[in-house]
>>> print(open('coords-v7.cif').read())   # mmCIF, C-alpha atoms
data_upload
loop_
_atom_site.group_PDB
_atom_site.id
_atom_site.type_symbol
_atom_site.label_atom_id
_atom_site.label_comp_id
_atom_site.auth_asym_id
_atom_site.auth_seq_id
_atom_site.Cartn_x
_atom_site.Cartn_y
_atom_site.Cartn_z
ATOM 1 C CA ALA A 1 -132.278 -80.558 27.064
ATOM 2 C CA SER A 2 -131.746 -83.476 24.712
ATOM 3 C CA GLY A 3 -134.344 -84.104 22.081
ATOM 4 C CA LEU A 4 -134.568 -80.460 21.096
ATOM 5 C CA ASN A 5 -132.280 -81.033 18.123
ATOM 6 C CA SER A 6 -134.244 -84.004 16.836
ATOM 7 C CA GLY A 7 -134.871 -82.456 13.450
ATOM 8 C CA ASN A 8 -137.761 -80.217 14.491
ATOM 9 C CA TYR A 9 -135.640 -77.322 15.684
ATOM 10 C CA HIS A 10 -132.542 -75.728 14.348
ATOM 11 C CA THR A 11 -129.856 -75.363 17.006
ATOM 12 C CA ASN A 12 -130.414 -71.581 16.941
ATOM 13 C CA GLY A 13 -134.167 -71.934 17.345
ATOM 14 C CA ILE A 14 -136.113 -71.323 20.518
ATOM 15 C CA PRO A 15 -139.568 -72.894 20.354
ATOM 16 C CA ALA A 16 -142.794 -71.081 21.176
ATOM 17 C CA GLY A 17 -143.785 -71.761 24.770
ATOM 18 C CA THR A 18 -140.233 -71.357 26.099
ATOM 19 C CA GLU A 19 -140.182 -69.164 29.207
ATOM 20 C CA LEU A 20 -137.560 -66.594 30.156
ATOM 21 C CA ASP A 21 -137.226 -64.845 33.503
ATOM 22 C CA VAL A 22 -136.416 -61.159 33.152
ATOM 23 C CA ARG A 23 -135.701 -58.528 35.796
ATOM 24 C CA LEU A 24 -137.276 -55.077 35.369
ATOM 25 C CA ASP A 25 -134.754 -52.284 34.810
ATOM 26 C CA ALA A 26 -137.132 -49.592 36.115
ATOM 27 C CA PRO A 27 -140.376 -49.542 38.101
ATOM 28 C CA LEU A 28 -143.754 -49.930 36.397
ATOM 29 C CA THR A 29 -147.070 -48.864 37.894
ATOM 30 C CA SER A 30 -150.610 -48.649 36.582
ATOM 31 C CA GLU A 31 -150.815 -45.251 38.302
ATOM 32 C CA THR A 32 -148.441 -43.556 35.851
ATOM 33 C CA ALA A 33 -147.911 -45.940 32.914
ATOM 34 C CA LYS A 34 -149.333 -44.989 29.520
ATOM 35 C CA VAL A 35 -150.287 -47.217 26.607
ATOM 36 C CA GLU A 36 -147.308 -47.614 24.220
ATOM 37 C CA ASP A 37 -144.775 -46.905 27.010
ATOM 38 C CA ARG A 38 -141.619 -48.902 26.367
ATOM 39 C CA PHE A 39 -139.666 -50.497 29.197
ATOM 40 C CA THR A 40 -136.692 -52.822 29.418
ATOM 41 C CA ALA A 41 -135.830 -55.882 31.440
ATOM 42 C CA THR A 42 -132.719 -58.036 31.658
ATOM 43 C CA THR A 43 -132.587 -61.823 31.353
ATOM 44 C CA VAL A 44 -131.507 -63.462 34.597
ATOM 45 C CA ALA A 45 -130.144 -66.802 33.338
ATOM 46 C CA ASP A 46 -128.384 -68.177 30.271
ATOM 47 C CA LEU A 47 -130.709 -69.877 27.783
ATOM 48 C CA PHE A 48 -129.122 -72.809 25.950
ATOM 49 C CA ASN A 49 -130.165 -75.172 23.205
ATOM 50 C CA GLY A 50 -127.932 -78.148 23.821
ATOM 51 C CA ASP A 51 -124.443 -76.632 23.999
ATOM 52 C CA HIS A 52 -125.404 -73.474 22.111
ATOM 53 C CA LEU A 53 -125.787 -70.394 24.293
ATOM 54 C CA LEU A 54 -128.637 -68.539 22.579
ATOM 55 C CA ILE A 55 -129.547 -65.807 25.055
ATOM 56 C CA PRO A 56 -126.907 -65.007 27.679
ATOM 57 C CA ALA A 57 -127.934 -63.727 31.097
ATOM 58 C CA GLY A 58 -127.904 -59.930 31.018
ATOM 59 C CA SER A 59 -129.490 -59.652 27.557
ATOM 60 C CA THR A 60 -132.009 -56.821 27.185
ATOM 61 C CA VAL A 61 -135.653 -57.552 26.455
ATOM 62 C CA ARG A 62 -137.928 -54.677 25.450
ATOM 63 C CA GLY A 63 -141.514 -54.551 26.603
ATOM 64 C CA ILE A 64 -144.523 -52.414 25.754
ATOM 65 C CA VAL A 65 -147.457 -51.413 27.916
ATOM 66 C CA THR A 66 -150.422 -52.386 25.734
ATOM 67 C CA SER A 67 -153.212 -51.376 28.124
ATOM 68 C CA VAL A 68 -153.531 -49.628 31.483
ATOM 69 C CA SER A 69 -156.373 -49.307 33.984
ATOM 70 C CA LYS A 70 -155.771 -47.078 37.003
ATOM 71 C CA ALA A 71 -157.314 -48.077 40.292
ATOM 72 C CA GLY A 72 -160.222 -45.733 40.909
ATOM 73 C CA ARG A 73 -163.940 -45.496 41.342
ATOM 74 C CA VAL A 74 -164.822 -47.127 38.031
ATOM 75 C CA GLU A 75 -162.044 -49.691 37.711
ATOM 76 C CA ARG A 76 -161.563 -50.831 41.297
ATOM 77 C CA THR A 77 -158.256 -52.530 40.633
ATOM 78 C CA GLY A 78 -155.205 -51.321 38.730
ATOM 79 C CA LYS A 79 -154.190 -53.377 35.715
ATOM 80 C CA LEU A 80 -151.320 -53.318 33.234
ATOM 81 C CA THR A 81 -151.088 -55.415 30.085
ATOM 82 C CA LEU A 82 -147.453 -56.050 29.208
ATOM 83 C CA SER A 83 -146.058 -57.625 26.077
ATOM 84 C CA PHE A 84 -142.502 -58.047 24.861
ATOM 85 C CA ASP A 85 -141.395 -57.332 21.303
ATOM 86 C CA ARG A 86 -137.601 -57.450 21.123
ATOM 87 C CA VAL A 87 -134.550 -59.123 22.610
ATOM 88 C CA THR A 88 -131.013 -57.824 22.081
ATOM 89 C CA VAL A 89 -128.282 -60.452 22.131
ATOM 90 C CA LYS A 90 -124.649 -59.363 21.744
ATOM 91 C CA GLY A 91 -125.708 -56.058 20.161
ATOM 92 C CA GLN A 92 -128.101 -57.666 17.667
ATOM 93 C CA ALA A 93 -131.846 -57.033 18.069
ATOM 94 C CA TYR A 94 -134.341 -59.800 17.300
ATOM 95 C CA PRO A 95 -138.119 -59.375 17.126
ATOM 96 C CA LEU A 96 -140.030 -61.568 19.540
ATOM 97 C CA HIS A 97 -143.601 -62.008 20.743
ATOM 98 C CA GLY A 98 -143.731 -62.603 24.480
ATOM 99 C CA THR A 99 -146.380 -62.488 27.196
ATOM 100 C CA VAL A 100 -145.997 -62.216 30.974
ATOM 101 C CA THR A 101 -147.178 -65.395 32.708
ATOM 102 C CA GLN A 102 -145.981 -64.751 36.265
ATOM 103 C CA VAL A 103 -144.572 -62.057 38.513
ATOM 104 C CA LEU A 104 -142.005 -63.482 40.919
ATOM 105 C CA GLN A 105 -140.654 -62.029 44.108
ATOM 106 C CA SER A 106 -137.122 -60.828 43.704
ATOM 107 C CA GLY A 107 -134.457 -61.586 46.244
ATOM 108 C CA GLY A 108 -132.682 -64.817 46.993
ATOM 109 C CA TYR A 109 -131.725 -65.341 43.372
ATOM 110 C CA ARG A 110 -128.691 -67.542 42.994
ATOM 111 C CA GLN A 111 -126.323 -65.688 40.681
ATOM 112 C CA ASP A 112 -124.684 -68.937 39.605
ATOM 113 C CA ALA A 113 -127.903 -69.800 37.824
ATOM 114 C CA GLY A 114 -126.143 -71.950 35.275
ATOM 115 C CA LYS A 115 -128.032 -73.266 32.305
ATOM 116 C CA ILE A 116 -131.678 -73.219 31.408
ATOM 117 C CA ALA A 117 -132.323 -75.547 28.505
ATOM 118 C CA THR A 118 -134.853 -74.335 25.964
ATOM 119 C CA GLY A 119 -136.902 -77.481 26.490
ATOM 120 C CA ALA A 120 -136.882 -77.370 30.296
ATOM 121 C CA GLY A 121 -140.203 -77.301 32.084
ATOM 122 C CA VAL A 122 -140.997 -74.508 34.466
ATOM 123 C CA GLY A 123 -140.918 -76.918 37.399
ATOM 124 C CA ALA A 124 -137.373 -77.947 36.542
ATOM 125 C CA ILE A 125 -136.329 -74.326 36.143
ATOM 126 C CA LEU A 126 -137.876 -73.249 39.442
ATOM 127 C CA GLY A 127 -136.637 -76.275 41.354
ATOM 128 C CA GLY A 128 -133.137 -76.569 39.956
ATOM 129 C CA ILE A 129 -132.047 -73.052 39.254
ATOM 130 C CA LEU A 130 -134.154 -70.525 41.075
ATOM 131 C CA GLY A 131 -133.853 -72.285 44.405
ATOM 132 C CA GLY A 132 -134.225 -68.957 46.179
ATOM 133 C CA TRP A 133 -137.563 -67.804 44.747
ATOM 134 C CA ARG A 134 -140.374 -67.464 47.220
ATOM 135 C CA GLY A 135 -142.831 -67.930 44.371
ATOM 136 C CA ALA A 136 -145.412 -65.613 42.920
ATOM 137 C CA MET A 137 -145.505 -62.086 44.256
ATOM 138 C CA ALA A 138 -148.275 -61.371 46.737
ATOM 139 C CA GLY A 139 -150.841 -58.770 45.706
ATOM 140 C CA VAL A 140 -150.465 -59.433 41.981
ATOM 141 C CA LEU A 141 -152.679 -61.577 39.750
ATOM 142 C CA ILE A 142 -151.874 -62.579 36.185
ATOM 143 C CA GLY A 143 -154.681 -62.908 33.676
ATOM 144 C CA GLY A 144 -154.606 -64.171 30.112
ATOM 145 C CA GLY A 145 -152.711 -62.226 27.476
ATOM 146 C CA GLY A 146 -150.197 -60.661 29.838
ATOM 147 C CA VAL A 147 -152.619 -58.769 32.102
ATOM 148 C CA VAL A 148 -151.018 -57.962 35.461
ATOM 149 C CA ALA A 149 -153.651 -56.913 38.024
ATOM 150 C CA ALA A 150 -153.401 -55.768 41.619
ATOM 151 C CA THR A 151 -155.456 -57.403 44.313
ATOM 152 C CA GLU A 152 -157.266 -55.351 46.948
ATOM 153 C CA GLY A 153 -158.252 -52.408 44.754
ATOM 154 C CA GLN A 154 -154.852 -50.783 44.410
ATOM 155 C CA ASP A 155 -152.659 -49.820 41.487
ATOM 156 C CA VAL A 156 -150.262 -52.460 40.223
ATOM 157 C CA SER A 157 -146.790 -51.450 41.278
ATOM 158 C CA LEU A 158 -143.766 -53.419 40.091
ATOM 159 C CA ALA A 159 -140.477 -52.267 41.586
ATOM 160 C CA THR A 160 -137.138 -52.192 39.776
ATOM 161 C CA GLY A 161 -135.725 -55.719 40.007
ATOM 162 C CA THR A 162 -139.119 -57.438 39.986
ATOM 163 C CA VAL A 163 -138.839 -60.635 37.956
ATOM 164 C CA LEU A 164 -141.344 -61.302 35.202
ATOM 165 C CA ARG A 165 -141.683 -64.735 33.629
ATOM 166 C CA VAL A 166 -142.163 -64.226 29.897
ATOM 167 C CA ARG A 167 -143.532 -66.926 27.582
ATOM 168 C CA LEU A 168 -142.532 -66.780 23.922
ATOM 169 C CA ASP A 169 -145.733 -66.798 21.886
ATOM 170 C CA SER A 170 -143.902 -67.562 18.644
ATOM 171 C CA PRO A 171 -140.592 -69.272 17.866
ATOM 172 C CA LEU A 172 -137.426 -67.185 17.915
ATOM 173 C CA THR A 173 -134.204 -67.769 15.989
ATOM 174 C CA ILE A 174 -130.970 -66.274 17.330
ATOM 175 C CA LYS A 175 -128.188 -66.080 14.744
#
>>> encode(input="coords-v7.cif", output="structure tokens")
Amino acid sequence: ASGLNSGNYHTNGIPAGTELDVRLDAPLTSETAKVEDRFTATTVADLFNGDHLLIPAGSTVRGIVTSVSKAGRVERTGKLTLSFDRVTVKGQAYPLHGTVTQVLQSGGYRQDAGKIATGAGVGAILGGILGGWRGAMAGVLIGGGGVVAATEGQDVSLATGTVLRVRLDSPLTIK
């Protein structure tokens, strides 16, 4: 976590490329989702920059369905494109640009997740904090730009509580 405050970043800044794990508040499926549907997810761990808590666990992140393909005769496999446009921290909303990079199996999450430093690599996060994850969810593929696709010609179905790893595509400042 050190080195983040070496002049490049303000202590309230979260650099582009930082990843947050968020838990879906409601199910999402390519069978019923529509373009422009909004959905919410909740951050699962505190995000710090040094000693500054920037995004506490339990903060709400808003997502948007930006494209949908139902599984069917033409499109064999269901797909959803998900992006994130807002995070609410202590009642204050901040615009963000985020893309899903992974869908993780829920369950086994250690509630005492502790700190995730804004500079931490994914390996460190997975190894040190999310000791209980069984890794990427079976039956789901992630493409570029936040595309979530089902394998085996089915609709993508993400249950409530599914954890999405979201990468910030632009820097974010939390005041």
>>> resolve_selection(input="coords-v7.cif", expression="the PyMOL selection byres ((chain A and resi 163) around 8)", output="ChimeraX atom specification")
/A:21-24,103-106,161-162,164-165
>>> resolve_selection(input="coords-v7.cif", expression="the PyMOL selection byres ((chain A and resi 173) around 9)", output="PDB file with C-alpha atoms, in the coordinates of the input")
ATOM      1  CA  HIS A  10    -132.542 -75.728  14.348  1.00  0.00           C
ATOM      2  CA  THR A  11    -129.856 -75.363  17.006  1.00  0.00           C
ATOM      3  CA  ASN A  12    -130.414 -71.581  16.941  1.00  0.00           C
ATOM      4  CA  GLY A  13    -134.167 -71.934  17.345  1.00  0.00           C
ATOM      5  CA  ILE A  14    -136.113 -71.323  20.518  1.00  0.00           C
ATOM      6  CA  PRO A  15    -139.568 -72.894  20.354  1.00  0.00           C
ATOM      7  CA  LEU A  54    -128.637 -68.539  22.579  1.00  0.00           C
ATOM      8  CA  TYR A  94    -134.341 -59.800  17.300  1.00  0.00           C
ATOM      9  CA  PRO A 171    -140.592 -69.272  17.866  1.00  0.00           C
ATOM     10  CA  LEU A 172    -137.426 -67.185  17.915  1.00  0.00           C
ATOM     11  CA  ILE A 174    -130.970 -66.274  17.330  1.00  0.00           C
ATOM     12  CA  LYS A 175    -128.188 -66.080  14.744  1.00  0.00           C
TER      13      LYS A 175
END
>>> resolve_selection(input="coords-v7.cif", expression="the PyMOL selection byres ((chain A and resi 100) around 7)", output="ChimeraX atom specification")
/A:82-83,98-99,101-102,146,164-167
>>> atom_distance(input="coords-v7.cif", atom1="CA of Thr42 (chain A)", atom2="CA of Ile55 (chain A)")
10.7 Å
>>> residues_near_point(input="coords-v7.cif", point="(-134.1, -58.1, 23.6)", cutoff="12 Å", atoms="all atoms listed in the file", output="VMD selection string")
chain A and resid 20 22 39 to 43 54 to 63 84 to 98 166 172 174
>>> residues_around(input="coords-v7.cif", residues="Thr29 (chain A)", least_positions_apart="6", cutoff="10 Å", atoms="only C-alpha atoms", output="list in words")
Val68, Lys70, Gly78, Lys79, Leu80, Asp155, Val156, Ser157, Leu158 and Ala159 of chain A
>>> closest_residue(input="coords-v7.cif", among="A:Thr18, A:Ser69, A:Thr77, A:Asn49", to="Val35 (chain A)", atoms="only C-alpha atoms")
A:Ser69
>>> closest_residue(input="coords-v7.cif", among="A:Ser67, A:Thr81, A:Gln154, A:Gly50", to="Ile142 (chain A)", atoms="all atoms listed in the file")
A:Thr81
>>> atom_distance(input="coords-v7.cif", atom1="CA of Glu19 (chain A)", atom2="CA of Asp51 (chain A)")
18.2 Å
>>> closest_residue(input="coords-v7.cif", among="A:His52, A:Ser170, A:Thr66, A:Gly72", to="Glu36 (chain A)", atoms="all atoms listed in the file")
A:Thr66
>>> closest_residue(input="coords-v7.cif", among="A:Asp46, A:Glu31, A:Asp25, A:Asp37", to="Val65 (chain A)", atoms="only C-alpha atoms")
A:Asp37
>>> atom_distance(input="coords-v7.cif", atom1="CA of Gly17 (chain A)", atom2="CA of Asp169 (chain A)")
6.1 Å
